[in-house]
file work.txt (compact mmCIF, C-alpha atoms)
# COMPACT_ATOMS: atom_id res chain seq x y z
CA MET X 7 -41.12 43.94 34.46
CA SER X 8 -39.32 47.24 34.87
CA PHE X 9 -36.96 48.59 32.22
CA ARG X 10 -34.07 48.27 34.68
CA THR X 11 -34.78 44.57 35.24
CA PHE X 12 -35.16 43.99 31.50
CA PHE X 13 -31.88 45.79 30.74
CA LEU X 14 -29.95 43.88 33.42
CA SER X 15 -31.40 40.55 32.28
CA LEU X 16 -30.53 41.28 28.65
CA SER X 17 -27.00 42.36 29.56
CA ALA X 18 -26.50 39.24 31.66
CA SER X 19 -27.76 36.97 28.86
CA PHE X 20 -25.37 38.37 26.28
CA GLY X 21 -22.56 39.10 28.74
CA LEU X 22 -22.35 35.57 30.15
CA ALA X 23 -22.36 34.04 26.66
CA TRP X 24 -19.65 36.47 25.50
CA LEU X 25 -17.61 35.72 28.62
CA ALA X 26 -17.82 31.96 28.09
CA ILE X 27 -17.28 31.92 24.32
CA VAL X 28 -14.79 34.77 23.84
CA ILE X 29 -13.09 35.99 27.00
CA VAL X 30 -12.36 32.70 28.80
CA PRO X 31 -11.01 30.89 25.68
CA TYR X 32 -8.88 33.93 24.81
CA PHE X 33 -7.09 33.99 28.15
CA LYS X 34 -6.73 30.20 28.19
CA MET X 35 -5.23 30.05 24.70
CA ARG X 36 -3.26 33.29 24.44
CA ALA X 37 -0.12 31.73 25.95
CA LEU X 38 -0.14 27.97 25.56
CA GLU X 39 2.60 26.17 27.43
CA PRO X 40 4.57 23.60 25.38
CA ILE X 41 3.60 20.00 26.09
CA ALA X 42 6.35 17.39 26.05
CA VAL X 43 5.69 14.35 23.89
CA GLU X 44 7.57 11.17 24.61
CA ASP X 45 9.61 10.23 21.58
CA GLY X 46 10.27 6.73 20.36
CA ASP X 47 13.76 6.63 21.87
CA GLY X 48 12.49 7.47 25.36
CA THR X 49 13.35 11.19 25.28
CA ASN X 50 10.91 14.05 25.50
CA ALA X 51 10.48 16.47 22.64
CA VAL X 52 8.16 19.34 21.83
CA TYR X 53 6.92 19.77 18.28
CA ILE X 54 6.44 23.38 17.17
CA PRO X 55 5.53 23.89 13.50
CA LYS X 56 7.84 26.15 11.54
CA ARG X 57 6.12 29.45 10.90
CA ALA X 58 8.86 31.70 9.56
CA GLY X 59 10.34 32.93 6.29
CA ARG X 60 8.54 31.96 3.11
CA ILE X 61 6.00 29.87 5.03
CA ALA X 62 4.94 32.88 7.09
CA ASP X 63 4.70 34.95 3.90
CA GLY X 64 2.56 32.20 2.36
CA ALA X 65 0.20 32.30 5.32
CA GLU X 66 -0.39 35.98 4.59
CA VAL X 67 -1.05 35.22 0.90
CA TYR X 68 -3.47 32.49 2.00
CA ALA X 69 -5.35 34.93 4.25
CA ALA X 70 -5.26 37.84 1.79
CA ASN X 71 -6.88 35.74 -0.95
CA GLY X 72 -9.65 34.49 1.33
CA CYS X 73 -8.76 30.79 1.04
CA TYR X 74 -10.23 30.27 4.52
CA GLN X 75 -13.64 31.28 3.17
CA CYS X 76 -13.95 27.92 1.38
CA HIS X 77 -11.38 25.72 3.17
CA SER X 78 -11.18 24.84 6.84
CA GLN X 79 -8.19 23.71 8.86
CA LEU X 80 -10.09 22.01 11.64
CA ILE X 81 -10.59 18.29 12.13
CA ARG X 82 -13.44 18.49 14.60
CA PRO X 83 -13.56 16.53 17.87
CA THR X 84 -15.89 13.56 17.65
CA TYR X 85 -18.38 15.13 20.04
CA ALA X 86 -18.71 18.16 17.70
CA GLY X 87 -18.97 16.28 14.42
CA ASN X 88 -16.86 13.38 13.26
CA ASP X 89 -14.43 14.30 10.45
CA MET X 90 -12.24 11.24 10.85
CA PHE X 91 -14.20 9.24 8.31
CA ARG X 92 -13.20 11.62 5.52
CA PRO X 93 -10.27 10.16 3.52
CA ASP X 94 -6.92 11.49 4.79
CA TRP X 95 -8.31 14.75 6.18
CA GLY X 96 -6.91 14.16 9.66
CA GLY X 97 -3.72 12.53 8.43
CA ILE X 98 -2.74 9.56 6.30
CA ALA X 99 -4.58 6.39 7.22
CA GLY X 100 -1.96 4.15 5.64
CA ASP X 101 1.29 6.06 6.13
CA GLU X 102 4.12 3.76 5.05
CA ASP X 103 6.44 4.86 7.86
CA ARG X 104 4.15 5.75 10.77
CA GLY X 105 0.96 3.79 10.17
CA ASP X 106 -2.34 5.55 10.83
CA THR X 107 -1.45 9.18 11.66
CA ARG X 108 -4.99 10.57 11.69
CA ARG X 109 -6.05 12.70 14.65
CA GLU X 110 -8.23 15.66 15.55
CA THR X 111 -7.09 19.27 15.65
CA ASN X 112 -6.11 20.96 18.92
CA ALA X 113 -5.16 24.50 19.90
CA PHE X 114 -1.42 23.76 19.82
CA ASP X 115 -1.62 23.18 16.06
CA PHE X 116 -1.93 26.95 15.61
CA GLU X 117 0.91 27.91 17.96
CA ARG X 118 3.00 30.81 16.58
CA GLU X 119 0.42 31.64 13.93
CA LYS X 120 -0.86 35.22 13.87
CA PHE X 121 -4.09 34.09 12.25
CA ALA X 122 -5.71 30.71 12.96
CA PRO X 123 -7.45 29.85 9.67
CA ILE X 124 -10.04 27.44 11.05
CA GLY X 125 -12.29 28.38 8.13
CA VAL X 126 -15.69 29.89 7.46
CA ALA X 127 -17.33 27.24 5.27
CA ARG X 128 -16.41 23.94 3.71
CA LEU X 129 -17.03 24.51 0.05
CA GLY X 130 -13.70 22.77 -0.48
CA THR X 131 -11.78 20.08 1.39
CA ASP X 132 -10.17 20.61 4.77
CA LEU X 133 -6.49 21.58 4.45
CA SER X 134 -5.19 20.59 7.89
CA ASN X 135 -2.96 17.93 6.33
CA LEU X 136 -2.82 19.09 2.73
CA GLY X 137 0.97 18.83 2.71
CA ARG X 138 0.79 15.13 3.59
CA ARG X 139 -2.06 14.52 1.16
CA VAL X 140 -0.34 16.14 -1.82
CA GLU X 141 2.90 14.24 -1.21
CA ALA X 142 1.34 10.84 -0.52
CA VAL X 143 -1.92 10.84 -2.49
CA TYR X 144 -2.15 13.53 -5.16
CA ALA X 145 1.45 13.80 -6.38
CA LYS X 146 2.11 10.18 -5.35
CA GLY X 147 5.80 10.65 -4.68
CA GLY X 148 6.27 13.07 -7.58
CA ASP X 149 6.95 16.81 -7.50
CA ALA X 150 4.49 18.10 -4.88
CA GLU X 151 5.33 21.75 -5.59
CA LYS X 152 4.60 21.43 -9.31
CA TRP X 153 1.34 19.64 -8.57
CA LEU X 154 0.19 22.55 -6.42
CA TYR X 155 1.38 25.16 -8.93
CA ALA X 156 -0.66 23.44 -11.64
CA HIS X 157 -3.69 23.24 -9.34
CA LEU X 158 -3.51 26.94 -8.46
CA TYR X 159 -3.10 27.93 -12.10
CA ASN X 160 -5.88 25.68 -13.41
CA PRO X 161 -7.80 23.71 -10.74
CA ARG X 162 -9.60 21.69 -13.43
CA TRP X 163 -6.55 20.31 -15.24
CA ARG X 164 -6.50 16.87 -13.59
CA PRO X 165 -7.84 14.17 -15.91
CA GLY X 166 -9.93 11.39 -14.41
CA ARG X 167 -10.73 13.26 -11.17
CA ARG X 168 -13.80 15.07 -9.95
CA GLU X 169 -13.71 18.67 -11.10
CA SER X 170 -12.58 21.15 -8.50
CA THR X 171 -14.70 24.20 -7.75
CA CYS X 172 -11.64 26.17 -6.65
CA PRO X 173 -11.15 29.41 -8.62
CA SER X 174 -8.04 29.89 -10.72
CA PHE X 175 -5.19 31.93 -9.23
CA ARG X 176 -3.52 32.75 -12.53
CA PHE X 177 -2.69 36.23 -11.28
CA LEU X 178 -0.05 34.58 -9.08
CA PHE X 179 1.83 33.50 -12.22
CA GLN X 180 3.46 35.27 -15.14
CA VAL X 181 4.24 34.42 -18.76
CA VAL X 182 7.87 35.21 -19.55
CA GLU X 183 10.28 34.65 -22.40
CA VAL X 184 12.47 31.56 -22.17
CA LYS X 185 16.10 32.57 -21.93
CA GLY X 186 18.39 29.58 -22.24
CA ASN X 187 17.03 26.52 -20.46
CA ALA X 188 13.44 26.44 -19.32
CA SER X 189 12.78 27.24 -15.65
CA GLU X 190 12.51 24.30 -13.24
CA ASP X 191 9.23 25.78 -11.97
CA ALA X 192 7.71 26.24 -15.44
CA LEU X 193 4.18 24.87 -15.74
CA ASP X 194 3.36 22.25 -18.35
CA PHE X 195 0.50 24.18 -19.92
CA PRO X 196 0.14 25.32 -23.56
CA VAL X 197 1.70 28.72 -24.13
CA LYS X 198 3.12 30.68 -27.06
CA GLU X 199 6.36 29.22 -28.42
CA GLY X 200 9.42 30.63 -26.72
CA MET X 201 7.40 31.59 -23.62
CA GLU X 202 6.79 29.83 -20.33
CA ILE X 203 4.52 30.15 -17.30
CA ILE X 204 6.34 30.54 -14.00
CA PRO X 205 5.07 31.24 -10.47
CA LYS X 206 5.51 34.66 -8.93
CA ARG X 207 6.99 35.18 -5.49
CA GLU X 208 3.51 35.09 -3.93
CA ALA X 209 2.72 31.73 -5.55
CA LYS X 210 5.97 30.23 -4.25
CA ALA X 211 5.22 31.49 -0.75
CA LEU X 212 1.65 30.14 -0.87
CA VAL X 213 2.80 26.70 -2.03
CA SER X 214 5.46 26.60 0.70
CA TYR X 215 2.74 27.34 3.25
CA LEU X 216 0.35 24.74 1.84
CA LEU X 217 3.04 22.05 1.87
CA SER X 218 3.81 22.92 5.50
CA LEU X 219 0.27 21.97 6.55
CA LYS X 220 0.98 18.70 8.34
CA LYS X 221 -1.04 18.68 11.54
CA ASP X 222 -0.72 14.96 12.23
CA GLN X 223 2.27 14.80 14.58
CA SER X 224 1.93 12.73 17.73
CA VAL X 225 0.27 14.40 20.72
CA PRO X 226 -0.32 13.27 24.31
CA ASP X 227 -3.48 11.28 25.00
CA SER X 228 -4.87 14.26 26.92
CA LEU X 229 -4.99 16.21 23.62
CA ASN X 230 -6.02 13.36 21.38
CA PHE X 231 -9.78 12.90 21.62
CA THR X 232 -9.99 10.43 18.74
CA PRO X 233 -11.56 7.21 20.02
CA PRO X 234 -9.10 4.31 19.76
CA THR X 235 -9.73 1.94 16.88
CA ALA X 236 -10.84 -1.47 18.06
CA ALA X 237 -8.29 -4.17 17.32
CA ALA X 238 -9.30 -6.75 14.76
CA PRO X 239 -10.19 -10.13 16.30
CA VAL X 240 -7.42 -12.69 16.11
CA ALA X 241 -8.37 -15.87 14.27
CA PRO X 242 -8.14 -18.98 16.44
call {"tool": "encode", "arguments": {"input": "work.txt", "output": "structure tokens"}}
result
Amino acid sequence: MSFRTFFLSLSASFGLAWLAIVIVPYFKMRALEPIAVEDGDGTNAVYIPKRAGRIADGAEVYAANGCYQCHSQLIRPTYAGNDMFRPDWGGIAGDEDRGDTRRETNAFDFEREKFAPIGVARLGTDLSNLGRRVEAVYAKGGDAEKWLYAHLYNPRWRPGRRESTCPSFRFLFQVVEVKGNASEDALDFPVKEGMEIIPKREAKALVSYLLSLKKDQSVPDSLNFTPPTAAAPVAP
């Protein structure tokens, strides 16, 4: 084999793979067209997640602190690895208002995001629907923001639950003197008398972003690859 043949073969091997994995998906996903979803009242609506203001700032805090190194935001299609069996990762299985809202992730879930945090490894849980999970499961109808503040400050504070391996983000909080009434955001952790722990601006932005993670809205069947659940047999 001549060097020229070897070089062309090597270039073709890497070039075709790069074309298929990088170039083609980039041009297909760089400008996604909105897809209309038929609403319950017969009208068509397009759901676009809010990615502005404090939520957008929180996304930058999330990326800057490398949260995507340990947490994914990708409920994989069944053909790539079934994540639907994991409790409430893809949505809430027993949502009181909407029933089973679980579904797989699609490209439109990252529309208007500068950075799609699909994740590097899963050392922690998937966060695609963390906002739903905190409100419905962890905080159980309580103050979802305070639950997340406490988790970020001390991930191992929760009694009776498996210890989290998440590192503490105490640098996103500050200990200040209480002036008048205690702050509504003050954490319920031991601190010197007359002082309180409150979240900084970055912590508030990060929590706003985390609570916005609700990728379980209805999508057309063409985007929902989750196999339909077989109906339970009706007793005679």
call {"tool": "axis_aligned_box", "arguments": {"input": "work.txt", "around": "segment 21-32 of chain X", "padding_each_side": "8 Å", "output": "JSON"}}
result
{"center_x": -15.7, "center_y": 35.0, "center_z": 27.0, "size_x": 29.7, "size_y": 24.2, "size_z": 22.3}
call {"tool": "residues_around", "arguments": {"input": "work.txt", "residues": "Asp89 of chain X", "least_positions_apart": "5", "cutoff": "10 Å", "atoms": "all atoms listed in the file", "output": "ChimeraX atom specification"}}
result
/X:80-84,94-96,109-110,132
call {"tool": "atom_distance", "arguments": {"input": "work.txt", "atom1": "atom CA of Arg162 of chain X", "atom2": "atom CA of Leu193 of chain X"}}
result
14.3 Å
call {"tool": "closest_atom_pairs", "arguments": {"input": "work.txt", "of": "segment 129-194 of chain X", "to": "segment 204-214 of chain X", "cutoff": "8 Å", "atoms": "all atoms listed in the file", "output": "JSON lines"}}
result
{"residue": "X:Glu151", "atom": "CA", "partner": "X:Val213", "partner_atom": "CA", "distance": 6.6}
{"residue": "X:Leu154", "atom": "CA", "partner": "X:Val213", "partner_atom": "CA", "distance": 6.6}
{"residue": "X:Tyr155", "atom": "CA", "partner": "X:Val213", "partner_atom": "CA", "distance": 7.2}
{"residue": "X:Leu178", "atom": "CA", "partner": "X:Ala209", "partner_atom": "CA", "distance": 5.3}
{"residue": "X:Phe179", "atom": "CA", "partner": "X:Pro205", "partner_atom": "CA", "distance": 4.3}
{"residue": "X:Gln180", "atom": "CA", "partner": "X:Ile204", "partner_atom": "CA", "distance": 5.7}
{"residue": "X:Val181", "atom": "CA", "partner": "X:Ile204", "partner_atom": "CA", "distance": 6.5}
{"residue": "X:Val182", "atom": "CA", "partner": "X:Ile204", "partner_atom": "CA", "distance": 7.4}
{"residue": "X:Ser189", "atom": "CA", "partner": "X:Ile204", "partner_atom": "CA", "distance": 7.4}
{"residue": "X:Asp191", "atom": "CA", "partner": "X:Ile204", "partner_atom": "CA", "distance": 5.9}
{"residue": "X:Ala192", "atom": "CA", "partner": "X:Ile204", "partner_atom": "CA", "distance": 4.7}
{"residue": "X:Leu193", "atom": "CA", "partner": "X:Ile204", "partner_atom": "CA", "distance": 6.3}
call {"tool": "closest_residue", "arguments": {"input": "work.txt", "among": "X:Trp153, X:Phe13, X:Phe195, X:Phe175", "to": "Gly137 of chain X", "atoms": "all atoms listed in the file"}}
result
X:Trp153
call {"tool": "atom_distance", "arguments": {"input": "work.txt", "atom1": "atom CA of Val197 of chain X", "atom2": "atom CA of Cys73 of chain X"}}
result
27.3 Å
call {"tool": "closest_residue", "arguments": {"input": "work.txt", "among": "X:Asp194, X:Asp106, X:Glu119, X:Glu202", "to": "Asp222 of chain X", "atoms": "only C-alpha atoms"}}
result
X:Asp106
call {"tool": "closest_residue", "arguments": {"input": "work.txt", "among": "X:Ser218, X:Thr111, X:Asn160, X:Asn187", "to": "Glu141 of chain X", "atoms": "all atoms listed in the file"}}
result
X:Ser218
call {"tool": "atom_distance", "arguments": {"input": "work.txt", "atom1": "atom CA of Gln79 of chain X", "atom2": "atom CA of Ala113 of chain X"}}
result
11.5 Å
call {"tool": "residues_around", "arguments": {"input": "work.txt", "residues": "His157 of chain X", "least_positions_apart": "5", "cutoff": "9 Å", "atoms": "all atoms listed in the file", "output": "PyMOL selection string"}}
result
chain X and resi 152+162-164+172+174-175
call {"tool": "residues_near_point", "arguments": {"input": "work.txt", "point": "(-9.1, 22.1, 6.1)", "cutoff": "9 Å", "atoms": "only C-alpha atoms", "output": "list in words"}}
result
Tyr74, Cys76, His77, Ser78, Gln79, Leu80, Ile81, Trp95, Gly96, Pro123, Ile124, Gly125, Arg128, Gly130, Thr131, Asp132, Leu133, Ser134, Asn135 and Leu136 of chain X
call {"tool": "write_last_selection", "arguments": {"input": "work.txt", "atoms": "C-alpha atoms", "output": "mmCIF file, in the frame of the given file"}}
result
data_model
loop_
_atom_site.group_PDB
_atom_site.id
_atom_site.type_symbol
_atom_site.label_atom_id
_atom_site.label_comp_id
_atom_site.auth_asym_id
_atom_site.auth_seq_id
_atom_site.Cartn_x
_atom_site.Cartn_y
_atom_site.Cartn_z
ATOM 1 C CA TYR X 74 -10.230 30.270 4.520
ATOM 2 C CA CYS X 76 -13.950 27.920 1.380
ATOM 3 C CA HIS X 77 -11.380 25.720 3.170
ATOM 4 C CA SER X 78 -11.180 24.840 6.840
ATOM 5 C CA GLN X 79 -8.190 23.710 8.860
ATOM 6 C CA LEU X 80 -10.090 22.010 11.640
ATOM 7 C CA ILE X 81 -10.590 18.290 12.130
ATOM 8 C CA TRP X 95 -8.310 14.750 6.180
ATOM 9 C CA GLY X 96 -6.910 14.160 9.660
ATOM 10 C CA PRO X 123 -7.450 29.850 9.670
ATOM 11 C CA ILE X 124 -10.040 27.440 11.050
ATOM 12 C CA GLY X 125 -12.290 28.380 8.130
ATOM 13 C CA ARG X 128 -16.410 23.940 3.710
ATOM 14 C CA GLY X 130 -13.700 22.770 -0.480
ATOM 15 C CA THR X 131 -11.780 20.080 1.390
ATOM 16 C CA ASP X 132 -10.170 20.610 4.770
ATOM 17 C CA LEU X 133 -6.490 21.580 4.450
ATOM 18 C CA SER X 134 -5.190 20.590 7.890
ATOM 19 C CA ASN X 135 -2.960 17.930 6.330
ATOM 20 C CA LEU X 136 -2.820 19.090 2.730
#
call {"tool": "residues_around", "arguments": {"input": "work.txt", "residues": "Asp101 of chain X", "least_positions_apart": "2", "cutoff": "12 Å", "atoms": "all atoms listed in the file", "output": "list in words"}}
result
Asp94, Gly97, Ile98, Ala99, Asp103, Arg104, Gly105, Asp106, Thr107, Arg108, Arg138, Arg139, Glu141, Ala142, Val143 and Asp222 of chain X
call {"tool": "closest_residue", "arguments": {"input": "work.txt", "among": "X:Pro93, X:Phe177, X:Gly72, X:Leu25", "to": "Ala127 of chain X", "atoms": "all atoms listed in the file"}}
result
X:Gly72
call {"tool": "closest_residue", "arguments": {"input": "work.txt", "among": "X:Leu158, X:Ile61, X:Ala122, X:Val184", "to": "Tyr215 of chain X", "atoms": "all atoms listed in the file"}}
result
X:Ile61
call {"tool": "closest_residue", "arguments": {"input": "work.txt", "among": "X:Pro173, X:Gly147, X:Pro161, X:Pro196", "to": "Asn71 of chain X", "atoms": "all atoms listed in the file"}}
result
X:Pro173
